[in-house]
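Trainee: Here it is, the structure in full.
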Amino acid sequence: MSDSGSAALSDVRFERVTKRYGKAVAVKALSLAIPRGSFFSLLGPSGCGKTTTLRLIAGFETPDEGDVFIRDTRVTETAPYRRDFAMVFQNFALFPHLTVADNVAFGLRMSGVAREERAKAVEAALAMVKLTGFAERYPKQLSGGQQQRVAIARAIVMKPAVLLLDEPLGALDKNLRESMQVELRSLQRELGLTTVFVTHDQEEALTMSDSIAVMRDGVIEQLGAPREIYERPATEFVATFLGASNLIDATVVESGNGSSQVEATFGRFTLAGSHPAGERLRLAIRPERVLLKPGRDSGALPAIVRDVVYRGMSAHVFLESGGLPLLAFVQNAASAAIDWSPGQEVGIVLPAESLVRLNGGAQAHG
Ligand code: ADP
Ligand code: MG
């Protein structure tokens, strides 16, 4: 499917890349194209192949099969130092015996950039990461967040075609991490720098990315914009890895006019789209899309409240309906602030537009 015309504007391209370690396959026939200037995240649980994918771009690993391209140049066997990328690691990897300025200047010096030009570039890069005035310090005289900024400055000063980031914020505490997410994203936009970002943190990927590739066992399970991945998960793995999802097995009872009536253990409800009667479907709905009504309401499905966890901004209401556990997130807005309590009989509404059909069908056998 990959002709060079359609991929003209991608800065990184994989064509059916496979990487094995012994018998284990870390990356399986992976194809992808990362558009120029975009912020692209590889998201998935530990061991799914994110770092290996990044190392294949960098050239620290060579594919067993397939080809890697950077800016339309085939680099499959090209040495790392001849590839146009810069990489930032989780542990910063700064030189402890060099000042901040010398750390940032290191790559420029290695590639023979003249002293005066180097000094200007370093100053500009430090300004971008808000470290003007720190040039003469040593890494140990900086906080973790400041050290990470130096690592980022050292990468962007090289003006690489591609910036590779392997869990670069993983070592920072939550508040710092969140402010760095925003800063890194605005810096990336400002520079228009094609960025490949590895994370196992779904919120971080949703916050920062133009597109997210959700990886599992060396393959991309779904690729799309954050909203698409969150709101239209293609599989149960994506639906449950990114946030919470209620999973419902249902059978199509009747269909017509672009919608279907389906039946689950707790009753009948409407699903968008036509499906053949008798088809078994596996559906997902986000807890924030489940509507709760006090008492038994006509048009709502019967459920009982099992537990309520008060979370300030919202409440997590644990329900049971027809033997199936369901979760609803209820906003603590003035209009909706009802005290739900265990044992209470309630009605639930599953809006047709919020139900997502997962690939793979209902699980008929365990
Ligand atoms: P992630 O970054 O998503 O946590 P990795 O890309 O590091 O995953 O690893 C993918 C798989 O490849 C894992 O099963 C891991 O154990 C294996 N792997 C990674 N690097 C090596 C290596 N150098 N030798 C052997 N197996 C490896
Ligand atoms: Mg990793």
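Naming works like this for the structure tokens: A, B, ... for the chains as they're shown, residue 1 at the start of each chain, ligands 1 onward in shown order.
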For ligand 2, collect every residue having any atom at a distance of at most 8 Å from a ligand atom (counting only C-alpha atoms and all ligand atoms); output as a list in words.
Mentor: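 Checked against 8 Å with only C-alpha atoms and all ligand atoms; the hits are Ser46, Gly47, Gly49, Lys50, Thr51, Thr52, Asp166, Glu167, Val198 and Thr199 of chain A.
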Trainee: If you keep C-alpha atoms, can you produce a file of those selected residues as a PDB file, in the first residue's frame?
Mentor:
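Dumped to again_31.pdb:
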```
ATOM      1  CA  SER A  46       5.406  -1.894  29.230  1.00  0.00           C
ATOM      2  CA  GLY A  47       6.981  -4.355  26.810  1.00  0.00           C
ATOM      3  CA  GLY A  49       7.583  -2.401  21.645  1.00  0.00           C
ATOM      4  CA  LYS A  50       7.603   1.406  22.025  1.00  0.00           C
ATOM      5  CA  THR A  51      11.294   1.823  22.823  1.00  0.00           C
ATOM      6  CA  THR A  52      12.271  -0.690  20.155  1.00  0.00           C
ATOM      7  CA  ASP A 166      11.452   8.146  25.292  1.00  0.00           C
ATOM      8  CA  GLU A 167       9.273   8.747  28.373  1.00  0.00           C
ATOM      9  CA  VAL A 198       6.952   7.340  23.820  1.00  0.00           C
ATOM     10  CA  THR A 199       4.740   7.057  26.880  1.00  0.00           C
TER      11      THR A 199
END
```
Trainee: Using only C-alpha atoms, determine which residues lie at most 6 Å from Ala277 in chain A, disregarding the query and same-chain residues fewer than 3 positions distant; provide the list as a ChimeraX atom specification.
Mentor: /A:252-254
Trainee: Write as a PyMOL selection string the residues around ligand 1, taking 10 Å as the cut-off and counting only C-alpha atoms and all ligand atoms.
Mentor: chain A and resi 19-27+42-56+61+166-167+198-200+215-218
Trainee: Show me, as a list in words, the residues that have an atom within 8 Å of Ile57 in chain A when counting only C-alpha atoms, minus same-chain residues fewer than 4 positions from it.
Mentor: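 Contacts, in chain order: Val12, Thr53, Val68 and Ile70 of chain A.
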Trainee: For each of A:Pro160, A:Gly145, A:Gly59, A:Gly37, take the minimum atom-to-atom distance to Glu183 in chain A, counting only C-alpha atoms, then give the residue where this is smallest.
Mentor: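 Among A:Pro160, A:Gly145, A:Gly59, A:Gly37, it is A:Gly145 that comes nearest to Glu183 in chain A.
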Trainee: How close does range 42-123 of chain A get to range 127-140 of chain A? List, as a Markdown table, each residue of range 42-123 of chain A within 10 Å, its nearest atom pair and the distance in Å to one decimal, counting only C-alpha atoms.
Mentor:
```
| residue | atom | partner | partner_atom | distance |
| --- | --- | --- | --- | --- |
| A:Phe92 | CA | A:Pro139 | CA | 9.9 |
| A:Leu94 | CA | A:Pro139 | CA | 7.1 |
| A:Phe95 | CA | A:Pro139 | CA | 7.6 |
| A:Pro96 | CA | A:Pro139 | CA | 5.7 |
| A:His97 | CA | A:Tyr138 | CA | 7.1 |
| A:Leu98 | CA | A:Tyr138 | CA | 6.4 |
| A:Thr99 | CA | A:Tyr138 | CA | 4.5 |
| A:Val100 | CA | A:Ala135 | CA | 5.0 |
| A:Ala101 | CA | A:Ala135 | CA | 4.7 |
| A:Asp102 | CA | A:Ala135 | CA | 8.1 |
| A:Asn103 | CA | A:Pro139 | CA | 9.0 |
| A:Val104 | CA | A:Ala135 | CA | 9.1 |
| A:Ala121 | CA | A:Ala127 | CA | 9.9 |
| A:Val122 | CA | A:Ala127 | CA | 8.5 |
| A:Glu123 | CA | A:Ala127 | CA | 6.2 |
```
Trainee: Based on the selection just made, write C-alpha atoms of those residues as a PDB file, in the first residue's frame.
Mentor:
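The resulting file, result.pdb, is shown below:
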```pdb
ATOM      1  CA  PHE A  92      18.349  12.988  30.989  1.00  0.00           C
ATOM      2  CA  LEU A  94      23.615  14.858  30.717  1.00  0.00           C
ATOM      3  CA  PHE A  95      27.409  15.014  31.012  1.00  0.00           C
ATOM      4  CA  PRO A  96      27.987  15.712  34.730  1.00  0.00           C
ATOM      5  CA  HIS A  97      31.408  17.307  34.237  1.00  0.00           C
ATOM      6  CA  LEU A  98      30.188  19.800  31.607  1.00  0.00           C
ATOM      7  CA  THR A  99      28.323  23.056  32.259  1.00  0.00           C
ATOM      8  CA  VAL A 100      24.813  23.536  30.967  1.00  0.00           C
ATOM      9  CA  ALA A 101      26.148  25.558  28.026  1.00  0.00           C
ATOM     10  CA  ASP A 102      28.747  22.915  27.162  1.00  0.00           C
ATOM     11  CA  ASN A 103      26.169  20.136  27.434  1.00  0.00           C
ATOM     12  CA  VAL A 104      23.918  21.971  24.991  1.00  0.00           C
ATOM     13  CA  ALA A 121      22.578  28.750  19.088  1.00  0.00           C
ATOM     14  CA  VAL A 122      23.084  27.634  22.688  1.00  0.00           C
ATOM     15  CA  GLU A 123      21.781  30.925  24.013  1.00  0.00           C
TER      16      GLU A 123
END
```
Trainee: Output as a CSV table (one decimal) with C-alpha atoms, in the first residue's frame all residues of range 91-306 of chain A that backbone DSSP marks as strand (DSSP E).
Mentor:
```csv
chain,number,residue,atom,x,y,z
A,162,VAL,CA,12.9,14.3,14.0
A,163,LEU,CA,12.9,14.6,17.8
A,164,LEU,CA,12.7,11.3,19.6
A,165,LEU,CA,11.5,11.3,23.2
A,166,ASP,CA,11.5,8.1,25.3
A,194,THR,CA,8.3,16.4,14.0
A,195,THR,CA,8.2,14.6,17.3
A,196,VAL,CA,7.9,10.9,18.2
A,197,PHE,CA,7.0,10.6,21.9
A,198,VAL,CA,7.0,7.3,23.8
A,199,THR,CA,4.7,7.1,26.9
A,211,SER,CA,-1.9,11.4,16.7
A,212,ILE,CA,-1.6,8.4,18.9
A,213,ALA,CA,-0.6,4.9,18.0
A,214,VAL,CA,-1.8,2.5,20.6
A,215,MET,CA,0.6,-0.5,20.6
A,216,ARG,CA,0.2,-4.0,21.9
A,219,VAL,CA,1.7,-4.1,16.6
A,220,ILE,CA,-0.3,-0.9,16.3
A,221,GLU,CA,-3.8,-1.8,17.6
A,222,GLN,CA,-5.3,1.6,16.6
A,223,LEU,CA,-3.9,4.9,15.3
A,224,GLY,CA,-5.8,8.2,15.3
A,246,ASN,CA,-18.2,-0.4,30.4
A,247,LEU,CA,-18.2,-3.5,28.2
A,248,ILE,CA,-21.6,-4.9,27.3
A,249,ASP,CA,-22.4,-8.0,25.2
A,250,ALA,CA,-25.7,-7.7,23.3
A,251,THR,CA,-27.6,-9.4,20.6
A,252,VAL,CA,-29.4,-7.6,17.7
A,253,VAL,CA,-33.1,-8.0,18.0
A,254,GLU,CA,-34.3,-5.9,15.1
A,255,SER,CA,-32.8,-3.3,12.7
A,256,GLY,CA,-34.1,-0.6,10.4
A,259,SER,CA,-30.5,2.0,14.0
A,260,SER,CA,-30.9,-1.3,15.7
A,261,GLN,CA,-32.6,-2.6,18.8
A,262,VAL,CA,-30.3,-4.8,20.9
A,263,GLU,CA,-30.8,-6.9,23.9
A,264,ALA,CA,-28.4,-7.4,26.9
A,267,GLY,CA,-32.9,-5.1,28.8
A,268,ARG,CA,-33.3,-3.6,25.4
A,269,PHE,CA,-31.8,-0.4,24.1
A,270,THR,CA,-31.0,1.3,20.8
A,271,LEU,CA,-27.8,1.3,18.9
A,272,ALA,CA,-26.8,3.5,15.9
A,280,ARG,CA,-23.8,-10.8,18.7
A,281,LEU,CA,-22.0,-7.5,19.5
A,282,ARG,CA,-19.5,-6.4,22.0
A,283,LEU,CA,-20.2,-2.7,23.0
A,284,ALA,CA,-18.4,-0.2,25.0
A,285,ILE,CA,-19.6,3.0,26.7
A,291,LEU,CA,-26.9,8.7,32.4
A,292,LEU,CA,-28.5,8.0,35.8
A,293,LYS,CA,-32.1,8.7,36.8
A,294,PRO,CA,-33.4,8.5,40.3
A,301,LEU,CA,-33.0,0.4,32.2
A,302,PRO,CA,-33.3,-0.9,35.7
A,303,ALA,CA,-30.2,-0.8,37.8
A,304,ILE,CA,-29.2,-0.8,41.5
A,305,VAL,CA,-26.4,1.3,43.1
A,306,ARG,CA,-23.8,-0.9,44.7
```
